[in-house]
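A.B. asks: Provided herewith: run27.pdb, PDB, C-alpha atoms and all ligand atoms.
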ATOM      1  CA  MET X   1     184.596 110.438 197.876  1.00  0.00           C
ATOM      2  CA  PRO X   2     183.965 107.201 195.943  1.00  0.00           C
ATOM      3  CA  MET X   3     181.231 106.950 193.354  1.00  0.00           C
ATOM      4  CA  CYS X   4     178.285 104.592 193.650  1.00  0.00           C
ATOM      5  CA  SER X   5     179.379 101.067 192.719  1.00  0.00           C
ATOM      6  CA  TYR X   6     176.108 100.052 191.038  1.00  0.00           C
ATOM      7  CA  PRO X   7     177.302  97.582 188.365  1.00  0.00           C
ATOM      8  CA  LEU X   8     175.400  99.196 185.482  1.00  0.00           C
ATOM      9  CA  GLY X   9     176.963 102.528 186.228  1.00  0.00           C
ATOM     10  CA  CYS X  10     175.869 105.423 188.409  1.00  0.00           C
ATOM     11  CA  GLU X  11     177.399 108.821 188.653  1.00  0.00           C
ATOM     12  CA  ASN X  12     176.034 109.572 192.088  1.00  0.00           C
ATOM     13  CA  PHE X  13     178.552 109.858 194.819  1.00  0.00           C
ATOM     14  CA  ALA X  14     178.000 107.465 197.673  1.00  0.00           C
ATOM     15  CA  ILE X  15     176.717 110.192 199.891  1.00  0.00           C
ATOM     16  CA  LYS X  16     174.365 108.100 202.008  1.00  0.00           C
ATOM     17  CA  LEU X  17     176.569 105.338 203.204  1.00  0.00           C
ATOM     18  CA  VAL X  18     174.527 103.070 205.434  1.00  0.00           C
ATOM     19  CA  ASN X  19     177.615 101.433 206.756  1.00  0.00           C
ATOM     20  CA  MET X  20     181.272 101.349 205.868  1.00  0.00           C
ATOM     21  CA  GLN X  21     180.786  98.341 203.588  1.00  0.00           C
ATOM     22  CA  SER X  22     178.282 100.066 201.372  1.00  0.00           C
ATOM     23  CA  SER X  23     179.510 101.962 198.420  1.00  0.00           C
ATOM     24  CA  ARG X  24     176.079 102.611 196.948  1.00  0.00           C
ATOM     25  CA  CYS X  25     174.156 105.820 196.606  1.00  0.00           C
ATOM     26  CA  ALA X  26     170.717 106.191 198.188  1.00  0.00           C
ATOM     27  CA  ILE X  27     168.951 104.927 195.029  1.00  0.00           C
ATOM     28  CA  HIS X  28     171.080 101.818 194.688  1.00  0.00           C
ATOM     29  CA  GLN X  29     171.110 100.509 198.170  1.00  0.00           C
ATOM     30  CA  VAL X  30     170.748  96.711 198.442  1.00  0.00           C
ATOM     31  CA  ASN X  31     170.021  95.998 202.038  1.00  0.00           C
ATOM     32  CA  THR X  32     168.461  92.551 201.853  1.00  0.00           C
ATOM     33  CA  PRO X  33     169.305  89.244 200.153  1.00  0.00           C
ATOM     34  CA  GLN X  34     166.042  89.595 198.149  1.00  0.00           C
ATOM     35  CA  LEU X  35     167.087  92.970 196.820  1.00  0.00           C
ATOM     36  CA  GLN X  36     170.558  91.653 196.133  1.00  0.00           C
ATOM     37  CA  LYS X  37     169.124  88.719 194.201  1.00  0.00           C
ATOM     38  CA  ALA X  38     166.697  90.900 192.261  1.00  0.00           C
ATOM     39  CA  GLU X  39     169.475  93.279 191.318  1.00  0.00           C
ATOM     40  CA  GLU X  40     171.711  90.441 190.163  1.00  0.00           C
ATOM     41  CA  ALA X  41     168.909  89.078 187.984  1.00  0.00           C
ATOM     42  CA  PHE X  42     168.227  92.543 186.586  1.00  0.00           C
ATOM     43  CA  VAL X  43     171.899  93.227 185.887  1.00  0.00           C
ATOM     44  CA  SER X  44     172.328  89.810 184.316  1.00  0.00           C
ATOM     45  CA  LYS X  45     169.330  90.286 182.024  1.00  0.00           C
ATOM     46  CA  HIS X  46     170.469  93.782 181.168  1.00  0.00           C
ATOM     47  CA  LYS X  47     173.868  92.473 180.107  1.00  0.00           C
ATOM     48  CA  LEU X  48     172.294  89.769 177.954  1.00  0.00           C
ATOM     49  CA  ASP X  49     170.011  92.364 176.354  1.00  0.00           C
ATOM     50  CA  GLU X  50     173.011  94.566 175.668  1.00  0.00           C
ATOM     51  CA  GLU X  51     174.902  91.674 174.103  1.00  0.00           C
ATOM     52  CA  ALA X  52     171.905  90.856 171.937  1.00  0.00           C
ATOM     53  CA  ARG X  53     171.559  94.514 170.913  1.00  0.00           C
ATOM     54  CA  ILE X  54     175.262  94.735 170.021  1.00  0.00           C
ATOM     55  CA  ALA X  55     175.006  91.490 168.029  1.00  0.00           C
ATOM     56  CA  ARG X  56     171.932  92.822 166.183  1.00  0.00           C
ATOM     57  CA  GLU X  57     173.675  96.089 165.399  1.00  0.00           C
ATOM     58  CA  LYS X  58     176.747  94.252 164.166  1.00  0.00           C
ATOM     59  CA  LEU X  59     174.626  92.026 161.924  1.00  0.00           C
ATOM     60  CA  GLN X  60     172.742  95.042 160.588  1.00  0.00           C
ATOM     61  CA  ALA X  61     176.030  96.857 159.950  1.00  0.00           C
ATOM     62  CA  GLU X  62     177.262  93.853 157.981  1.00  0.00           C
ATOM     63  CA  ARG X  63     174.022  93.764 155.985  1.00  0.00           C
ATOM     64  CA  ASP X  64     174.266  97.503 155.305  1.00  0.00           C
ATOM     65  CA  LYS X  65     177.845  97.065 154.151  1.00  0.00           C
ATOM     66  CA  LEU X  66     176.880  94.236 151.798  1.00  0.00           C
ATOM     67  CA  ALA X  67     173.931  96.226 150.472  1.00  0.00           C
ATOM     68  CA  ALA X  68     176.152  99.266 149.873  1.00  0.00           C
ATOM     69  CA  ALA X  69     178.708  97.098 148.076  1.00  0.00           C
ATOM     70  CA  ALA X  70     175.971  95.550 145.934  1.00  0.00           C
ATOM     71  CA  ALA X  71     174.549  98.989 145.115  1.00  0.00           C
ATOM     72  CA  ALA X  72     178.001 100.281 144.184  1.00  0.00           C
ATOM     73  CA  LYS X  73     178.563  97.239 141.978  1.00  0.00           C
ATOM     74  CA  GLN X  74     175.166  97.726 140.341  1.00  0.00           C
ATOM     75  CA  LEU X  75     175.899 101.394 139.723  1.00  0.00           C
ATOM     76  CA  ALA X  76     179.289 100.569 138.206  1.00  0.00           C
ATOM     77  CA  ARG X  77     177.669  97.989 135.958  1.00  0.00           C
ATOM     78  CA  SER X  78     174.946 100.361 134.859  1.00  0.00           C
ATOM     79  CA  THR X  79     177.504 103.101 134.166  1.00  0.00           C
ATOM     80  CA  LYS X  80     179.620 100.674 132.161  1.00  0.00           C
ATOM     81  CA  ARG X  81     176.535  99.517 130.266  1.00  0.00           C
ATOM     82  CA  ALA X  82     175.668 103.114 129.320  1.00  0.00           C
ATOM     83  CA  GLU X  83     179.268 103.686 128.182  1.00  0.00           C
ATOM     84  CA  ILE X  84     179.177 100.586 125.995  1.00  0.00           C
ATOM     85  CA  ILE X  85     175.914 101.706 124.367  1.00  0.00           C
ATOM     86  CA  GLU X  86     177.524 105.072 123.611  1.00  0.00           C
ATOM     87  CA  LEU X  87     180.359 103.277 121.811  1.00  0.00           C
ATOM     88  CA  TYR X  88     177.999 101.336 119.531  1.00  0.00           C
ATOM     89  CA  VAL X  89     175.787 104.278 118.589  1.00  0.00           C
ATOM     90  CA  PRO X  90     178.267 106.061 116.262  1.00  0.00           C
ATOM     91  CA  LYS X  91     179.403 102.776 114.661  1.00  0.00           C
ATOM     92  CA  TRP X  92     175.897 101.602 113.837  1.00  0.00           C
ATOM     93  CA  SER X  93     174.789 105.103 112.909  1.00  0.00           C
ATOM     94  CA  ALA X  94     177.602 105.157 110.372  1.00  0.00           C
ATOM     95  CA  LEU X  95     176.259 101.934 108.799  1.00  0.00           C
ATOM     96  CA  ILE X  96     172.753 103.393 108.543  1.00  0.00           C
ATOM     97  CA  ASN X  97     174.021 106.750 107.287  1.00  0.00           C
ATOM     98  CA  ASP X  98     176.055 105.001 104.611  1.00  0.00           C
ATOM     99  CA  VAL X  99     172.949 103.216 103.316  1.00  0.00           C
ATOM    100  CA  VAL X 100     171.029 106.499 103.311  1.00  0.00           C
ATOM    101  CA  ARG X 101     173.835 108.098 101.321  1.00  0.00           C
ATOM    102  CA  GLN X 102     173.863 105.255  98.780  1.00  0.00           C
ATOM    103  CA  VAL X 103     170.087 105.341  98.366  1.00  0.00           C
ATOM    104  CA  ASN X 104     170.091 109.113  97.957  1.00  0.00           C
ATOM    105  CA  ASP X 105     172.831 108.831  95.334  1.00  0.00           C
ATOM    106  CA  LEU X 106     170.932 106.179  93.422  1.00  0.00           C
ATOM    107  CA  ARG X 107     167.661 108.083  93.611  1.00  0.00           C
ATOM    108  CA  ALA X 108     169.261 110.728  91.406  1.00  0.00           C
ATOM    109  CA  THR X 109     168.828 108.251  88.558  1.00  0.00           C
ATOM    110  CA  VAL X 110     166.413 105.703  90.024  1.00  0.00           C
ATOM    111  CA  PRO X 111     163.760 107.677  91.922  1.00  0.00           C
ATOM    112  CA  THR X 112     162.205 104.541  93.452  1.00  0.00           C
ATOM    113  CA  ALA X 113     165.506 103.228  94.741  1.00  0.00           C
ATOM    114  CA  ASN X 114     165.702 101.931  98.297  1.00  0.00           C
ATOM    115  CA  ALA X 115     167.958  99.717 100.361  1.00  0.00           C
ATOM    116  CA  GLY X 116     168.347  96.238  98.897  1.00  0.00           C
ATOM    117  CA  LYS X 117     168.146  95.267  95.226  1.00  0.00           C
ATOM    118  CA  ASN X 118     167.420  97.945  92.655  1.00  0.00           C
ATOM    119  CA  GLY X 119     167.405  96.205  89.323  1.00  0.00           C
ATOM    120  CA  LYS X 120     170.737  96.265  87.584  1.00  0.00           C
ATOM    121  CA  ASN X 121     172.219  98.687  90.073  1.00  0.00           C
ATOM    122  CA  PRO X 122     174.618  97.569  92.785  1.00  0.00           C
ATOM    123  CA  VAL X 123     172.828  96.067  95.759  1.00  0.00           C
ATOM    124  CA  ILE X 124     172.605  98.387  98.750  1.00  0.00           C
ATOM    125  CA  PRO X 125     172.772  96.803 102.208  1.00  0.00           C
ATOM    126  CA  GLY X 126     169.709  96.966 104.434  1.00  0.00           C
ATOM    127  CA  GLY X 127     167.033  95.481 102.181  1.00  0.00           C
ATOM    128  CA  LEU X 128     164.620  92.780 103.296  1.00  0.00           C
ATOM    129  CA  GLU X 129     166.873  90.146 101.743  1.00  0.00           C
ATOM    130  CA  ASN X 130     170.171  91.610 102.845  1.00  0.00           C
ATOM    131  CA  GLU X 131     169.581  92.978 106.267  1.00  0.00           C
ATOM    132  CA  ILE X 132     172.469  94.616 107.997  1.00  0.00           C
ATOM    133  CA  VAL X 133     173.620  92.408 110.835  1.00  0.00           C
ATOM    134  CA  LEU X 134     174.026  94.354 114.063  1.00  0.00           C
ATOM    135  CA  THR X 135     175.909  92.371 116.664  1.00  0.00           C
ATOM    136  CA  ILE X 136     176.588  93.019 120.313  1.00  0.00           C
ATOM    137  CA  SER X 137     179.729  91.213 121.438  1.00  0.00           C
ATOM    138  CA  GLY X 138     179.415  88.572 124.124  1.00  0.00           C
ATOM    139  CA  THR X 139     181.437  90.665 126.539  1.00  0.00           C
ATOM    140  CA  ASP X 140     179.155  93.640 126.024  1.00  0.00           C
ATOM    141  CA  ALA X 141     176.023  91.515 126.152  1.00  0.00           C
ATOM    142  CA  ALA X 142     177.217  90.336 129.553  1.00  0.00           C
ATOM    143  CA  TYR X 143     176.648  93.903 130.725  1.00  0.00           C
ATOM    144  CA  GLY X 144     173.043  93.606 129.639  1.00  0.00           C
ATOM    145  CA  VAL X 145     173.520  95.635 126.465  1.00  0.00           C
ATOM    146  CA  LYS X 146     170.925  94.738 123.839  1.00  0.00           C
ATOM    147  CA  ALA X 147     170.741  95.777 120.190  1.00  0.00           C
ATOM    148  CA  GLY X 148     167.518  97.644 120.941  1.00  0.00           C
ATOM    149  CA  ASP X 149     169.330  99.839 123.496  1.00  0.00           C
ATOM    150  CA  VAL X 150     171.639 101.036 120.719  1.00  0.00           C
ATOM    151  CA  CYS X 151     169.023 101.230 117.942  1.00  0.00           C
ATOM    152  CA  ARG X 152     166.745 103.455 120.013  1.00  0.00           C
ATOM    153  CA  ARG X 153     169.563 105.983 120.125  1.00  0.00           C
ATOM    154  CA  ILE X 154     169.942 106.114 116.336  1.00  0.00           C
ATOM    155  CA  ALA X 155     168.001 108.600 114.207  1.00  0.00           C
ATOM    156  CA  GLY X 156     165.129 107.063 112.295  1.00  0.00           C
ATOM    157  CA  PHE X 157     164.660 104.023 114.532  1.00  0.00           C
ATOM    158  CA  ASP X 158     161.240 102.832 113.491  1.00  0.00           C
ATOM    159  CA  VAL X 159     160.401  99.408 114.791  1.00  0.00           C
ATOM    160  CA  SER X 160     161.974  96.343 116.282  1.00  0.00           C
ATOM    161  CA  ASP X 161     159.954  93.205 115.721  1.00  0.00           C
ATOM    162  CA  SER X 162     160.852  89.508 115.752  1.00  0.00           C
ATOM    163  CA  GLY X 163     164.540  90.345 115.703  1.00  0.00           C
ATOM    164  CA  VAL X 164     164.149  92.647 112.701  1.00  0.00           C
ATOM    165  CA  VAL X 165     164.978  96.285 113.234  1.00  0.00           C
ATOM    166  CA  LYS X 166     163.827  98.919 110.797  1.00  0.00           C
ATOM    167  CA  PHE X 167     165.110 102.450 110.348  1.00  0.00           C
ATOM    168  CA  ARG X 168     163.135 105.006 108.388  1.00  0.00           C
ATOM    169  CA  ARG X 169     164.777 108.129 107.042  1.00  0.00           C
ATOM    170  CA  ALA X 170     163.497 110.882 104.798  1.00  0.00           C
ATOM    171  CA  SER X 171     165.320 111.146 101.504  1.00  0.00           C
ATOM    172  CA  ASN X 172     167.303 114.199 100.487  1.00  0.00           C
ATOM    173  CA  ALA X 173     164.693 115.144  97.924  1.00  0.00           C
ATOM    174  CA  GLY X 174     162.103 115.267 100.653  1.00  0.00           C
ATOM    175  CA  ASP X 175     160.016 113.070  98.388  1.00  0.00           C
ATOM    176  CA  ARG X 176     158.190 110.195  97.653  1.00  0.00           C
ATOM    177  CA  THR X 177     159.359 107.268  99.630  1.00  0.00           C
ATOM    178  CA  ASN X 178     161.151 107.044 102.940  1.00  0.00           C
ATOM    179  CA  ILE X 179     164.452 105.253 102.904  1.00  0.00           C
ATOM    180  CA  LEU X 180     163.952 102.006 104.782  1.00  0.00           C
ATOM    181  CA  ILE X 181     166.908 100.176 106.246  1.00  0.00           C
ATOM    182  CA  HIS X 182     166.410  96.689 107.638  1.00  0.00           C
ATOM    183  CA  CYS X 183     168.733  95.220 110.225  1.00  0.00           C
ATOM    184  CA  ARG X 184     168.782  92.253 112.491  1.00  0.00           C
TER
HETATM  185 ZN    ZN X 201     173.880 104.757 192.493  1.00  0.00          ZN
END
Before we go any further, please render this structure as structure tokens.

C.D. replies:
Amino acid sequence: MPMCSYPLGCENFAIKLVNMQSSRCAIHQVNTPQLQKAEEAFVSKHKLDEEARIAREKLQAERDKLAAAAAAKQLARSTKRAEIIELYVPKWSALINDVVRQVNDLRATVPTANAGKNGKNPVIPGGLENEIVLTISGTDAAYGVKAGDVCRRIAGFDVSDSGVVKFRRASNAGDRTNILIHCR
């Protein structure tokens, strides 16, 4: 027994054939030209709606794909940025630690010593007049890495103002004056 031939699909078997030409089930009978015309209009509109829905879904799928790609790219960039910061931290920390070591050494004989000039003693980097220059390479800066991102990860980071970064560390003697290291 043939199935109902309704163009939008029907799983009813054509059990109520009105005549031998009909291949429609009882629900989908079109007995008059008016019904025929109405059905054609309905089917036509339904197909257009379906096409529009498919087009919308396709567009949305493309947007979702682009958004996912952009998110993945953003995540990769942010991961890379974090990795770059991690590479700078030990290098810059070493510069700061070296100043702290030199100041501590000098304080054994010059208790007021600090970074910079200390009378006739060798000049220690990191004073107000000989700031340590901390530079982010252009390539790394392109990942949005800023000096402040690195400095905040280094012990004793005190303040960053007008391009001047200050680190403050306690001296070995636990004394007196903090060791101040100026960078820019
Ligand atoms: Zn049917």

A.B. asks: In Å, with one decimal, what is the gap from CA of Asp149 in chain X to CA of His182 in chain X?

C.D. replies: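 Distance between the two atoms: 16.4 Å.
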
A.B. asks: To one decimal in Å, tell me the separation between CA of Lys117 in chain X and CA of Gly163 in chain X.

C.D. replies: 21.4 Å

A.B. asks: Which of these, X:Ala142, X:Ile136, X:Leu106, X:Ala71, has the shortest distance to Asn118 in chain X once you count all atoms listed in the file?

C.D. replies: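 Among the listed residues, X:Leu106 lies closest to Asn118 in chain X.
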
A.B. asks: Report as a PDB file with C-alpha atoms, in the coordinates of the input which protein, DNA and RNA residues come within 8 Å of ligand ZN 201 (chain X), using all atoms listed in the file.

C.D. replies:
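Saved to selection-v6.pdb:
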ATOM      1  CA  MET X   3     181.231 106.950 193.354  1.00  0.00           C
ATOM      2  CA  CYS X   4     178.285 104.592 193.650  1.00  0.00           C
ATOM      3  CA  SER X   5     179.379 101.067 192.719  1.00  0.00           C
ATOM      4  CA  TYR X   6     176.108 100.052 191.038  1.00  0.00           C
ATOM      5  CA  GLY X   9     176.963 102.528 186.228  1.00  0.00           C
ATOM      6  CA  CYS X  10     175.869 105.423 188.409  1.00  0.00           C
ATOM      7  CA  GLU X  11     177.399 108.821 188.653  1.00  0.00           C
ATOM      8  CA  ASN X  12     176.034 109.572 192.088  1.00  0.00           C
ATOM      9  CA  PHE X  13     178.552 109.858 194.819  1.00  0.00           C
ATOM     10  CA  ALA X  14     178.000 107.465 197.673  1.00  0.00           C
ATOM     11  CA  ARG X  24     176.079 102.611 196.948  1.00  0.00           C
ATOM     12  CA  CYS X  25     174.156 105.820 196.606  1.00  0.00           C
ATOM     13  CA  ALA X  26     170.717 106.191 198.188  1.00  0.00           C
ATOM     14  CA  ILE X  27     168.951 104.927 195.029  1.00  0.00           C
ATOM     15  CA  HIS X  28     171.080 101.818 194.688  1.00  0.00           C
ATOM     16  CA  GLN X  29     171.110 100.509 198.170  1.00  0.00           C
TER      17      GLN X  29
END

A.B. asks: Would you mind reading off the distance between CA of Phe42 in chain X and CA of Ala61 in chain X, one decimal, in Å?

C.D. replies: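 Here the two named atoms are 28.1 Å from each other.
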
A.B. asks: Using only C-alpha atoms for the distances, tell me which of X:Ile132, X:Ala141, X:Ala38, X:Val43 is nearest to Ile85 in chain X.

C.D. replies: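 Result for the nearest residue to Ile85 in chain X: X:Ala141.
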
A.B. asks: Nearest residue to Ala94 in chain X out of X:Lys166, X:Pro7, X:Ile154, X:Gly148, using only C-alpha atoms?

C.D. replies: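 Checking each of X:Lys166, X:Pro7, X:Ile154, X:Gly148 against Ala94 in chain X, counting only C-alpha atoms, the winner is X:Ile154.
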
A.B. asks: If the PyMOL selection byres (((chain X and resi 111-115) around 7) and not hetatm) is run on the structure shown, which residues does it catch, given as a list in words?

C.D. replies: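 When the PyMOL selection byres (((chain X and resi 111-115) around 7) and not hetatm) is applied, the selected residues are Val99, Val103, Leu106, Arg107, Ala108, Thr109, Val110, Gly116, Lys117, Asn118, Ile124, Pro125, Gly126, Gly127, Ile179, Leu180 and Ile181 of chain X.
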
A.B. asks: Show which residues sit within 8 Å of Arg81 in chain X, as a list of chain:residue names. Count only C-alpha atoms, and ignore same-chain residues fewer than 2 positions away.

C.D. replies: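 Final neighbour list, sorted by chain and number: X:Arg77, X:Ser78, X:Thr79, X:Glu83, X:Ile84, X:Ile85, X:Asp140, X:Tyr143, X:Gly144, X:Val145.
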
A.B. asks: For Glu131 in chain X, which residue among X:Val165, X:Cys183, X:Ile96, X:Glu39 is the nearest when counting all atoms listed in the file?

C.D. replies: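 Nearest to Glu131 in chain X: X:Cys183.
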
A.B. asks: May I ask which of the residues X:Leu87, X:Leu35, X:Ala173, X:Ala55 is the closest one to Asp105 in chain X, counting all atoms listed in the file?

C.D. replies: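 Looking at the shortest contact to Asp105 in chain X, the residue is X:Ala173.
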
A.B. asks: Given the choices X:Thr32, X:Ala155, X:Val164, X:Ala76, which gets closest to Val89 in chain X if the distance is worked out from all atoms listed in the file?

C.D. replies: X:Ala155
